[in-house]
Each structure stands twice: as C-alpha cells, then as structure tokens.
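Visitor: Can you read through this structure? Questions will come right after.
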Amino acid sequence: MSNTYNIYKVKYSKFDQLKEKLISVGLKEQKTNRTEKYSMTFYFSENTQGNKIWWWDTYREFFNDNVPEPRNIFQYGILICQNNANQEKLYAISLGKSHFYLSKFIQPDFGIDLATRIAEERTMLLKKSRYFFGTKRQDISSYQNFQPGNYEPGESVDHLKLKASEKEVWGNRNIIFADSIQMDVDKKPNYLVDILDRIDASIAQKEVINLPKLEPVKDDLAKELDRILLDSIKDMNVNVKIEEFYVYGVAICFSFHDYSYRLSYKKSNAEKLYSKDINNQILASDIMEFISQHQDIDDVNSIRIQFRNDDAGRFTKSLKEVIDFPVDYDGYHYFLKNGEWYKFNQTFMDYLKKSLDSIETNHREDLNEPDYLAWKDDKENKIAAGEQFENKLTYREAYFNEKQCNDYGYDILDRKLSYIPAVEKGKPKYRVEMADLFRDGEIISVKISEETHQLIYNIEQSKDAIQLIKKRAVDFNEKLTTASLWFILERDIGKITDINSIQFLMAIESWQKLVRNFGLEPKIYISKHRK
C-alpha cells in the first residue's frame with residue numbers, strides 16, 4: 001500500500017518552540033514508537049471543536065427543525081522523528097493543515113536543496129517561481145518536456161515536481177520539492193528510517209542542478225533589515241500585498257481574499273494585546289496608522305495579522321509574511337519571503353549576468369564638462385543678447401544630444417512631446433516625452449547621471465515609449481528596428497554589469513525582455529562624463 005509522506009527538516013534550535021506551538025494549536029501528544037535509529041512521536045488534534053459554518057444562519061430556514069447547528073471539523077496531526085544517536089537530526093511529517101504551523105521552525109528550502117542534489121532535471125513536470133522585476137510576481141508552470149537549465153533571468157525557483165535520478169534508491173514516482181518533500185512510499189511510518197538516512201547522506205553531496213533560488217541571510221543582518229522595514233512602513237515606503245498563492249511545505253494555497261483581517265501587537269513581557277480589525281483588505285495606510293497609535297512598537301516582528309474565515313477557521317501570520325519589500329543594503333539586494341529575509345544565490349546572478357551580457361554594448365565618445373560649460377555660457381550670452389534659437393535649453397543632455405545631431409546626423413527627440421488621449425473625454429491630452437535621439441530605425445534614451453534611481457527612471461521611460469509606439473498610441477511614423485539606452489557616467493565601467501545595483505540590472509533585464517518581445521534589437525551605449 002502506497003502512503004504519502006510530507007517530510008520537513010526541523011531546526012533543532014527551535015524544537016522546544018515547536019512543541020509549545022503544537023500544544024497551543026490543539027495538537028496533543030500521543031504515543032512514541034522507537035526504532036533502532038529514530039524515536040517517533042505523534043501529535044493529534046484530539047479535542048477539535050470545529051469551525052462555525054458562515055452560511056448556516058443565511059440558509060437556516062431551509063433546514064429541518066431538528067438539525068443541530070453543524071461545524072466544519074478539520075483533523076490534523078504531526079509525526080516528529082528524532083535521531084537517537086544525533087538528536088539534531090530532526091524531521092516532521094505533517095498531516096492535514098498542520099503545515100500551517102511548521103513554517104517558523106523548519107529549515108527553509110530544505111526540499112529545494114535536496115532537489116539540487118538528487119533530482120533528474122529533464123523529468124520536471126511542474127515549477128513554481130518568484131520574480132523580482134517586471135509585472136510578474138509569481139508563476140506556476142507545467143511541462144511536457146523540460147529543457148535542463150531553461151530558467152529565466154530574475155527567476156527564483158521555490159517549488160518543483162519531478163523524479164529522482166537514482167530510481168533504485170528513490171523509486172520511479174514523482175517527488176515534490178519545496179520547503180519540504182512529498183513522496184509516495186510503499187512503507188508504513190515506522191519504516192521511514194531508510195528514507196531519512198538517504199536524505200541526510202544526499203544533503204551532504206554536491207549539487208548537480210544549478211538552480212536559481214534565494215538563500216536565507218544571517219540573524220544579525222536580519223535584525224538590521226527589520227529596522228529598515230519598520231522605518232519604511234512608518235514613512236509609507238512599502239508595499240503591503242496579500243499574495244495570490246503561498247507555498248506551505250509542498251502545498252500551494254491559493255488566495256486569501258475571502259478572509260477578514262485583524263492587526264495585533266503585544267509588547268514583550270506584557271499581558272495586554274492591542275488589536276484592530278481591518279475588514280477584508282490590508283493596506284499600508286492601515287498598518288502605518290496602527291503603528292502611529294502605538295509609538296512603543298520598536299520591533300516589526302511584534303506585529304501580527306490574524307486571518308479569519310468561517311469555513312477554514314483562523315490562523316495568524318507575522319506582518320512580515322504579507323509585506324512585499326525589496327531593499328538595497330550595503331551593496332546587496334534583499335527580499336522578504338514568508339516573513340524571512342533572503343538574498344540571491346550565485347546561480348541566480350549567473351543567469352542574470354549571462355542574459356545582460358547578450359545585449360550589444362558599445363563605448364562612445366566622452367562628455368567633457370569644460371566643453372559643455374563653454375557651450376552653456378555662449379548660448380546663455382546669446383539668448384541674453386536677444387539672439388533667436390529653436391529652443392533655449394542649456395542643460396547637459398541638451399548639449400550632448402545637439403552634439404550627436406551635429407556630428408553624427410541623429411534627429412533630436414529630446415523635449416519633443418507626443419500626445420495621447422486622456423482617459424476621460426473632454427480632458428486635455430497627456431504629454432509624453434518619447435526619447436532623446438533617433439536615426440536609421442534606432443530610438444535612443446539618454447541619461448547623464450550617477451544616481452541609480454535616475455538611471456532606472458530613464459529605463460522605464462524607454463519602456464513606456466516603446467510600448468506606445470508599437471501599440472500605435474502615439475504618432476510615430478518612422479520604422480523602428482532598435483531600442484537603445486545611452487548612459488553617461490562619471491565612473492569607469494567596461495560593461496553594464498559593472499554597475500553594482502541588482503535593482504538597476506533587473507530593470508535593464510526587464511527592458512531587454514520587453515524590447516525583444518516587440519521584435520526589436522536592444523543596445524546599450526556607455527560614455528564617460530569627464531569633469
């Protein structure tokens with residue numbers, strides 16, 4: 001008989017906290033079975049009262065008079081497996097909804113780490129990923145024939161369904177890998193010892209799959225990132241997002257939009273719990289207001305959100321688990337995932353670098369500051385003397401663009417605005433700055449700056465212009481074959497990946513993807529701003 005096992009690796013340092021959590025959610029300790037290598041203790045929802053059914057009151061008049069009020073009862077359990085010789089080797093097998101309660105006590109991405117060592121990549125049937133630029137945040141993909149190594153730049157994999165490469169060891173059935181692993185085994189629980197031993201041995205081996213994924217950060221750094229997050233919430237510089245789906249172990253749970261929410265906060269060693277109901281939508285403004293009402297909140301981890309649904313019951317998550325907050329810090333880029341801080345692994349960066357290196361990049365003439373200042377003074381003097389010009393622009397990009405026009409035959413688009421209809425009838429049309437230069441089918445956006453956010457703004461402006469042109473939302477009658485970005489920088493760089501900002505590089509990748517999707521060729525020009 002085949003049994004399905006959902007296996008987690010528990011952090012030994014959090015084992016006592018886990019046992020306290022199991023008791024608090026109604027899981028009562030049952031029997032302990034001991035084998036030669038493992039002690040196995042079972043916990044079961046022995047006294048479950050069940051959840052009230054919301055539609056009972058709505059449809060009560062349709063029920064017979066003698067029908068008692070029903071309750072939805074969800075039974076759940078956990079089997080804790082601890083190695084007798086080495087108690088730090090600790091596993092949990094979840095049943096029912098108990099996976100909701102394990103996330104804070106387990107080794108994150110345990111299943112993914114195991115997959116990189118034992119899985120046969122070409123057998124992949126399903127893959128769930130997170131994305132960190134563009135419009136796509138999460139994605140679930142299924143495959144008939146997966147091409148090994150076929151991952152997108154900016155993609156971080158956190159859920160896989162495929163087979164193991166050593167069939168004689170792991171069998172020929174599909175295995176799901178995520179924070180846990182789920183596999184079908186023709187054995188009863190007491191005989192799982194061999195599987196746990198295989199897992200321990202495999203985790204010690206080298207990776208055989210180069211998988212782009214996130215890696216957890218160390219606790220000291222996490223505390224500093226928590227401080228940055230709390231300050232950002234207070235300043236309203238944060239996105240609060242309920243994800244369309246979450247992964248708990250190997251379970252993909254869709255949509256919490258049919259829940260109502262309650263914010264709560266309890267100060268350390270205090271008995272009183274402060275709470276606020278926020279109905280069925282979580283907004284950053286609600287959280288900021290809640291924090292402003294409780295000025296003594298100094299740790300973002302003390303803020304929690306209760307999810308309430310009459311059918312599925314109630315459960316609580318930390319605020320960090322619903323926050324969408326990327327942050328640049330000390331030269332690296334960090335993200336929140338399920339309430340924990342992560343950074344990109346090297347494979348993720350390698351895929352991104354390979355994609356960015358595929359963009360044709362050319363070094364062009366320098367921008368000399370003395371030449372610009374002389375041009376600016378001369379033009380300002382002529383304007384003051386009443387001399388007429390097509391425009392009175394005297395900033396650096398105007399000088400640079402004019403020079404390209406005079407020296408190389410570009411057409412200047414800088415400050416030539418196109419118009420698109422307003423959303424509401426009768427309103428003035430919107431003005432859109434298309435780009436800076438155009439020649440022979442190539443449209444170029446120019447930016448002179450050392451500030452990353454200004455360079456990214458230039459990238460986004462280029463994306464907007466390309467979409468408007470290709471969708472014929474503006475009048476642009478020239479044939480378009482190439483879209484280019486031209487960066488004039490004070491620093492010396494050989495290629496675009498020398499700029500140490502993951503946010504900037506991912507913005508370039510997003511731009512490149514859009515350009516190619518419209519059938520255009522992307523190019524990058526780099527010049528030096530010499531002062």
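In the structure tokens, chains take the letters A, B, ... in the order shown, each chain's residues start at 1, and ligands count up from 1 in the order shown.
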Write out as an NGL selection string each polymer residue whose atoms come within 12 Å of range 198-204 of chain A, counting only C-alpha atoms; drop sequence neighbours fewer than 2 positions from it.

Guide: :A and (7-9 or 83 or 86 or 88-91 or 109-119 or 164 or 166 or 169-170 or 180-181 or 192-196 or 206-208)

Visitor: Would you return as a PDB file with C-alpha atoms, in the first residue's frame the members of range 42-278 of chain A that DSSP assigns to strand (DSSP E) on this structure's backbone?

Guide:
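Contents of out17.pdb, as written:
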ATOM      1  CA  PHE A  42       2.773  11.512  17.132  1.00  0.00           C
ATOM      2  CA  TYR A  43       0.670  14.628  17.819  1.00  0.00           C
ATOM      3  CA  PHE A  44      -3.059  14.724  17.025  1.00  0.00           C
ATOM      4  CA  ASN A  51     -15.384  25.903  12.944  1.00  0.00           C
ATOM      5  CA  LYS A  52     -18.717  27.642  12.636  1.00  0.00           C
ATOM      6  CA  ARG A  71     -19.495  22.566  12.430  1.00  0.00           C
ATOM      7  CA  ASN A  72     -16.647  22.000   9.980  1.00  0.00           C
ATOM      8  CA  GLY A  77      -1.500  15.696  13.031  1.00  0.00           C
ATOM      9  CA  ILE A  78       2.305  15.695  13.059  1.00  0.00           C
ATOM     10  CA  LEU A  79       4.828  12.896  13.439  1.00  0.00           C
ATOM     11  CA  ILE A  80       8.122  14.060  14.968  1.00  0.00           C
ATOM     12  CA  CYS A  81      11.127  11.869  14.091  1.00  0.00           C
ATOM     13  CA  GLN A  82      14.337  12.380  16.107  1.00  0.00           C
ATOM     14  CA  ASN A  83      17.581  10.501  15.581  1.00  0.00           C
ATOM     15  CA  LEU A  90      15.093  16.122  13.428  1.00  0.00           C
ATOM     16  CA  TYR A  91      12.221  15.687  10.971  1.00  0.00           C
ATOM     17  CA  ALA A  92       8.472  16.319  10.984  1.00  0.00           C
ATOM     18  CA  ILE A  93       5.803  14.664   8.845  1.00  0.00           C
ATOM     19  CA  SER A  94       2.666  16.777   8.552  1.00  0.00           C
ATOM     20  CA  LEU A  95      -0.933  15.642   8.131  1.00  0.00           C
ATOM     21  CA  LEU A 126       5.793  21.488 -12.530  1.00  0.00           C
ATOM     22  CA  LYS A 127       7.740  24.518 -11.356  1.00  0.00           C
ATOM     23  CA  LYS A 128       6.681  27.466  -9.189  1.00  0.00           C
ATOM     24  CA  SER A 129       8.850  30.571  -9.207  1.00  0.00           C
ATOM     25  CA  ARG A 130       9.054  34.075  -7.823  1.00  0.00           C
ATOM     26  CA  TYR A 131      10.139  37.035  -9.971  1.00  0.00           C
ATOM     27  CA  GLN A 138       4.817  34.563  -9.078  1.00  0.00           C
ATOM     28  CA  ASP A 139       4.240  31.893 -11.671  1.00  0.00           C
ATOM     29  CA  ILE A 140       3.318  28.200 -11.843  1.00  0.00           C
ATOM     30  CA  SER A 141       4.443  26.392 -14.997  1.00  0.00           C
ATOM     31  CA  SER A 142       3.801  22.831 -16.141  1.00  0.00           C
ATOM     32  CA  GLU A 155      13.532  33.834 -11.638  1.00  0.00           C
ATOM     33  CA  SER A 156      13.876  32.187  -8.222  1.00  0.00           C
ATOM     34  CA  VAL A 157      12.550  28.628  -8.005  1.00  0.00           C
ATOM     35  CA  ASP A 158      10.842  27.526  -4.779  1.00  0.00           C
ATOM     36  CA  HIS A 159       8.683  24.528  -5.789  1.00  0.00           C
ATOM     37  CA  LEU A 160       9.408  21.583  -8.108  1.00  0.00           C
ATOM     38  CA  LYS A 161       7.695  18.358  -9.141  1.00  0.00           C
ATOM     39  CA  LEU A 162       9.981  15.814 -10.817  1.00  0.00           C
ATOM     40  CA  ILE A 175       8.543  13.797  -5.843  1.00  0.00           C
ATOM     41  CA  ILE A 176       7.540  17.334  -4.874  1.00  0.00           C
ATOM     42  CA  PHE A 177      10.368  19.506  -3.536  1.00  0.00           C
ATOM     43  CA  ILE A 181       9.497  16.993   0.224  1.00  0.00           C
ATOM     44  CA  GLN A 182       6.406  14.957  -0.569  1.00  0.00           C
ATOM     45  CA  MET A 183       6.792  11.414  -1.830  1.00  0.00           C
ATOM     46  CA  ASP A 184       4.725   8.246  -2.159  1.00  0.00           C
ATOM     47  CA  VAL A 185       6.340   5.246  -0.474  1.00  0.00           C
ATOM     48  CA  LEU A 214      17.085  32.613  -2.758  1.00  0.00           C
ATOM     49  CA  GLU A 215      19.238  31.931   0.280  1.00  0.00           C
ATOM     50  CA  PRO A 216      18.441  32.985   3.871  1.00  0.00           C
ATOM     51  CA  ASN A 239       4.066  47.659  -0.435  1.00  0.00           C
ATOM     52  CA  VAL A 240       1.609  45.558   1.531  1.00  0.00           C
ATOM     53  CA  PHE A 245      -0.849  31.954  -3.553  1.00  0.00           C
ATOM     54  CA  TYR A 246       1.547  30.770  -0.872  1.00  0.00           C
ATOM     55  CA  VAL A 247       3.634  27.640  -0.529  1.00  0.00           C
ATOM     56  CA  TYR A 248       3.461  25.817   2.810  1.00  0.00           C
ATOM     57  CA  ALA A 251       1.114  22.744  -0.510  1.00  0.00           C
ATOM     58  CA  ILE A 252       0.271  25.646  -2.845  1.00  0.00           C
ATOM     59  CA  CYS A 253      -2.559  27.589  -1.189  1.00  0.00           C
ATOM     60  CA  PHE A 254      -4.485  29.956  -3.423  1.00  0.00           C
ATOM     61  CA  SER A 260     -11.108  39.223   7.076  1.00  0.00           C
ATOM     62  CA  TYR A 261      -8.094  40.510   8.983  1.00  0.00           C
ATOM     63  CA  ARG A 262      -7.096  41.780  12.405  1.00  0.00           C
ATOM     64  CA  LEU A 263      -3.861  43.570  13.235  1.00  0.00           C
ATOM     65  CA  SER A 264      -2.426  42.889  16.673  1.00  0.00           C
ATOM     66  CA  TYR A 265       0.577  43.854  18.753  1.00  0.00           C
ATOM     67  CA  TYR A 274      -3.653  45.611  21.257  1.00  0.00           C
ATOM     68  CA  SER A 275      -5.689  44.841  18.137  1.00  0.00           C
ATOM     69  CA  LYS A 276      -7.552  46.482  15.285  1.00  0.00           C
ATOM     70  CA  ASP A 277      -9.992  44.939  12.776  1.00  0.00           C
TER      71      ASP A 277
END

Visitor: How would you write, as a ChimeraX atom specification, the set of residues in range 405-521 of chain A that DSSP gives as alpha helix (DSSP H)?

Guide: /A:405-408,452-470,502-517

Visitor: Do you know which residues are at most 9 Å from Phe307 in chain A counting only C-alpha atoms, after dropping those on the same chain fewer than 6 positions away, and could you put them as a VMD selection string?

Guide: chain A and resid 256 259 to 262 313 to 317

Visitor: Take the residues from that selection and put them in a file with N, CA, C and O atoms, as an mmCIF file, in the first residue's frame.

Guide:
data_model
loop_
_atom_site.group_PDB
_atom_site.id
_atom_site.type_symbol
_atom_site.label_atom_id
_atom_site.label_comp_id
_atom_site.auth_asym_id
_atom_site.auth_seq_id
_atom_site.Cartn_x
_atom_site.Cartn_y
_atom_site.Cartn_z
ATOM 1 N N PHE A 256 -6.136 34.396 -0.318
ATOM 2 C CA PHE A 256 -6.726 34.649 0.991
ATOM 3 C C PHE A 256 -7.670 35.853 0.914
ATOM 4 O O PHE A 256 -7.916 36.526 1.896
ATOM 5 N N TYR A 259 -10.892 36.235 3.243
ATOM 6 C CA TYR A 259 -10.677 36.326 4.674
ATOM 7 C C TYR A 259 -10.887 37.765 5.151
ATOM 8 O O TYR A 259 -10.784 38.719 4.383
ATOM 9 N N SER A 260 -11.192 37.917 6.427
ATOM 10 C CA SER A 260 -11.108 39.223 7.076
ATOM 11 C C SER A 260 -9.862 39.211 7.948
ATOM 12 O O SER A 260 -9.330 38.150 8.274
ATOM 13 N N TYR A 261 -9.394 40.420 8.345
ATOM 14 C CA TYR A 261 -8.094 40.510 8.983
ATOM 15 C C TYR A 261 -8.154 41.325 10.274
ATOM 16 O O TYR A 261 -8.991 42.209 10.435
ATOM 17 N N ARG A 262 -7.236 41.015 11.169
ATOM 18 C CA ARG A 262 -7.096 41.780 12.405
ATOM 19 C C ARG A 262 -5.617 41.976 12.700
ATOM 20 O O ARG A 262 -4.848 41.021 12.782
ATOM 21 N N GLY A 313 -11.585 28.580 9.321
ATOM 22 C CA GLY A 313 -11.120 28.875 10.658
ATOM 23 C C GLY A 313 -10.199 30.076 10.698
ATOM 24 O O GLY A 313 -10.278 30.969 9.862
ATOM 25 N N ARG A 314 -9.326 30.091 11.697
ATOM 26 C CA ARG A 314 -8.446 31.231 11.916
ATOM 27 C C ARG A 314 -6.991 30.770 12.039
ATOM 28 O O ARG A 314 -6.715 29.687 12.549
ATOM 29 N N PHE A 315 -6.109 31.611 11.570
ATOM 30 C CA PHE A 315 -4.693 31.393 11.808
ATOM 31 C C PHE A 315 -4.013 32.752 11.765
ATOM 32 O O PHE A 315 -4.561 33.733 11.244
ATOM 33 N N THR A 316 -2.823 32.820 12.316
ATOM 34 C CA THR A 316 -2.110 34.088 12.463
ATOM 35 C C THR A 316 -0.769 34.031 11.751
ATOM 36 O O THR A 316 -0.073 33.016 11.786
ATOM 37 N N LYS A 317 -0.415 35.135 11.096
ATOM 38 C CA LYS A 317 0.871 35.270 10.429
ATOM 39 C C LYS A 317 1.523 36.550 10.923
ATOM 40 O O LYS A 317 0.841 37.495 11.322
#

Visitor: How close does each residue of range 420-511 of chain A get to range 397-400 of chain A, giving the shortest atom pair and distance in Å to one decimal for every residue with an atom at most 9 Å away, counting only C-alpha atoms, sorted by chain and residue number, as a Markdown table?

Guide:
| residue | atom | partner | partner_atom | distance |
| --- | --- | --- | --- | --- |
| A:Asp436 | CA | A:Glu397 | CA | 8.7 |
| A:Val446 | CA | A:Glu397 | CA | 7.4 |
| A:Lys447 | CA | A:Glu397 | CA | 7.2 |
| A:Ile448 | CA | A:Glu397 | CA | 6.7 |

Visitor: Using only C-alpha atoms, which of the listed residues (A:Asn190, A:Tyr143, A:Asp16, A:Glu451) sits closest to Thr41 in chain A?

Guide: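 Once distances to Thr41 in chain A are computed over only C-alpha atoms, the minimum belongs to A:Asn190.
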
Visitor: Which neighbours of Pro212 in chain A fall inside 10 Å, counting only C-alpha atoms, when residues of the same chain fewer than 4 positions from it are skipped, and could you give them as number ranges by chain?

Guide: A: 129, 149, 151-158, 344-352

Visitor: Pull N, CA and C atoms from the residues just selected and write them as a compact mmCIF listing (two decimals), in the first residue's frame.

Guide:
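Contents of selection_13.txt, as written:
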# COMPACT_ATOMS: atom_id res chain seq x y z
N SER A 129 7.75 29.62 -9.35
CA SER A 129 8.85 30.57 -9.21
C SER A 129 8.35 31.91 -8.73
N GLY A 149 18.27 23.49 -17.47
CA GLY A 149 18.90 24.80 -17.47
C GLY A 149 18.04 25.90 -18.04
N TYR A 151 15.97 28.33 -17.35
CA TYR A 151 15.40 29.24 -16.35
C TYR A 151 15.56 30.68 -16.81
N GLU A 152 14.62 31.53 -16.43
CA GLU A 152 14.64 32.91 -16.86
C GLU A 152 15.50 33.75 -15.93
N PRO A 153 16.19 34.76 -16.47
CA PRO A 153 16.89 35.71 -15.60
C PRO A 153 15.88 36.41 -14.69
N GLY A 154 16.19 36.51 -13.40
CA GLY A 154 15.25 37.13 -12.46
C GLY A 154 14.29 36.15 -11.83
N GLU A 155 14.41 34.87 -12.16
CA GLU A 155 13.53 33.83 -11.64
C GLU A 155 14.19 33.14 -10.44
N SER A 156 13.41 32.93 -9.39
CA SER A 156 13.88 32.19 -8.22
C SER A 156 12.91 31.04 -7.98
N VAL A 157 13.40 29.81 -8.08
CA VAL A 157 12.55 28.63 -8.00
C VAL A 157 12.35 28.22 -6.55
N ASP A 158 11.09 27.96 -6.15
CA ASP A 158 10.84 27.53 -4.78
C ASP A 158 9.90 26.33 -4.68
N PHE A 344 19.90 36.67 -3.23
CA PHE A 344 20.04 35.82 -4.41
C PHE A 344 21.25 34.90 -4.28
N ASN A 345 21.11 33.67 -4.76
CA ASN A 345 22.28 32.80 -4.81
C ASN A 345 23.09 33.10 -6.08
N GLN A 346 24.28 32.53 -6.18
CA GLN A 346 25.17 32.85 -7.29
C GLN A 346 24.60 32.39 -8.63
N THR A 347 23.87 31.28 -8.62
CA THR A 347 23.27 30.79 -9.88
C THR A 347 22.29 31.80 -10.44
N PHE A 348 21.47 32.40 -9.55
CA PHE A 348 20.56 33.46 -9.97
C PHE A 348 21.33 34.58 -10.66
N MET A 349 22.43 35.01 -10.04
CA MET A 349 23.22 36.10 -10.60
C MET A 349 23.87 35.67 -11.91
N ASP A 350 24.28 34.42 -12.02
CA ASP A 350 24.91 33.94 -13.25
C ASP A 350 23.94 33.99 -14.43
N TYR A 351 22.68 33.57 -14.19
CA TYR A 351 21.67 33.64 -15.26
C TYR A 351 21.42 35.08 -15.67
N LEU A 352 21.34 35.97 -14.69
CA LEU A 352 21.11 37.38 -14.98
C LEU A 352 22.28 37.97 -15.76

Visitor: Work out how far CA of Ile106 in chain A is from CA of Ile303 in chain A, in Å to one decimal.

Guide: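 Between these atoms lies a distance of 21.2 Å.
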
Visitor: Near range 286-293 of chain A, counting only C-alpha atoms, which residues have an atom at most 8 Å away, once you skip same-chain residues fewer than 2 positions from it, shown as a list in words?

Guide: Ile233, Lys234, Asp235, Met236, Leu263, Lys276, Ile278, Ile282, Leu283, Ala284, Gln295 and Ile297 of chain A

Visitor: Taking into account only C-alpha atoms, which residue in the set A:Asn279, A:Asn309, A:Ser449, A:Glu380 is nearest to Ile53 in chain A?

Guide: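 Of all the options, A:Asn309 lies closest to Ile53 in chain A.
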
Visitor: For range 523-527 of chain A, find every residue with an atom within 8 Å (counting only C-alpha atoms), except residues of its own chain fewer than 5 positions away, and show them as a list of chain:residue names.

Guide: A:Ile359, A:Glu360, A:Thr361, A:Asn362, A:His363, A:Arg364, A:Glu365, A:Asp366, A:Leu367, A:Thr482, A:Ala483, A:Ser484, A:Leu485, A:Trp486, A:Phe487, A:Ile488, A:Leu489

Visitor: Those residues with N, CA, C and O atoms, as a compact mmCIF listing (two decimals), in the first residue's frame please?

Guide:
# COMPACT_ATOMS: atom_id res chain seq x y z
N ILE A 359 23.37 41.59 -24.49
CA ILE A 359 22.97 42.87 -25.10
C ILE A 359 24.20 43.51 -25.74
O ILE A 359 25.25 43.66 -25.08
N GLU A 360 24.09 43.89 -26.98
CA GLU A 360 25.20 44.57 -27.65
C GLU A 360 25.50 45.88 -26.92
O GLU A 360 24.62 46.73 -26.75
N THR A 361 26.74 46.04 -26.49
CA THR A 361 27.15 47.22 -25.74
C THR A 361 28.33 47.89 -26.42
O THR A 361 29.31 47.22 -26.78
N ASN A 362 28.25 49.21 -26.61
CA ASN A 362 29.30 49.96 -27.30
C ASN A 362 29.72 51.16 -26.45
O ASN A 362 28.87 51.81 -25.82
N HIS A 363 31.02 51.44 -26.45
CA HIS A 363 31.54 52.63 -25.77
C HIS A 363 31.63 53.76 -26.80
O HIS A 363 32.18 53.58 -27.89
N ARG A 364 31.09 54.91 -26.43
CA ARG A 364 31.07 56.06 -27.34
C ARG A 364 31.87 57.21 -26.75
O ARG A 364 32.41 57.12 -25.65
N GLU A 365 31.88 58.31 -27.49
CA GLU A 365 32.71 59.44 -27.11
C GLU A 365 32.32 60.01 -25.74
O GLU A 365 31.18 59.89 -25.30
N ASP A 366 33.29 60.63 -25.09
CA ASP A 366 33.10 61.16 -23.75
C ASP A 366 32.31 62.47 -23.79
O ASP A 366 32.26 63.16 -24.81
N LEU A 367 31.72 62.80 -22.64
CA LEU A 367 31.15 64.12 -22.41
C LEU A 367 32.16 64.91 -21.58
O LEU A 367 32.42 64.57 -20.42
N THR A 482 15.39 49.17 -33.63
CA THR A 482 16.31 49.05 -32.49
C THR A 482 15.90 50.04 -31.40
O THR A 482 15.52 51.18 -31.69
N ALA A 483 15.99 49.57 -30.14
CA ALA A 483 15.78 50.46 -28.99
C ALA A 483 17.07 50.44 -28.16
O ALA A 483 17.61 49.38 -27.86
N SER A 484 17.55 51.63 -27.79
CA SER A 484 18.84 51.73 -27.12
C SER A 484 18.76 52.62 -25.88
O SER A 484 17.94 53.53 -25.80
N LEU A 485 19.64 52.32 -24.94
CA LEU A 485 19.86 53.14 -23.76
C LEU A 485 21.29 53.67 -23.81
O LEU A 485 22.22 52.92 -24.09
N TRP A 486 21.45 54.96 -23.53
CA TRP A 486 22.76 55.58 -23.55
C TRP A 486 23.02 56.19 -22.18
O TRP A 486 22.37 57.15 -21.78
N PHE A 487 23.99 55.63 -21.45
CA PHE A 487 24.32 56.10 -20.11
C PHE A 487 25.64 56.85 -20.14
O PHE A 487 26.65 56.32 -20.62
N ILE A 488 25.65 58.08 -19.59
CA ILE A 488 26.87 58.86 -19.47
C ILE A 488 27.20 58.92 -17.99
O ILE A 488 26.46 59.54 -17.20
N LEU A 489 28.31 58.28 -17.60
CA LEU A 489 28.62 58.06 -16.20
C LEU A 489 30.00 58.62 -15.85
O LEU A 489 30.89 58.65 -16.69
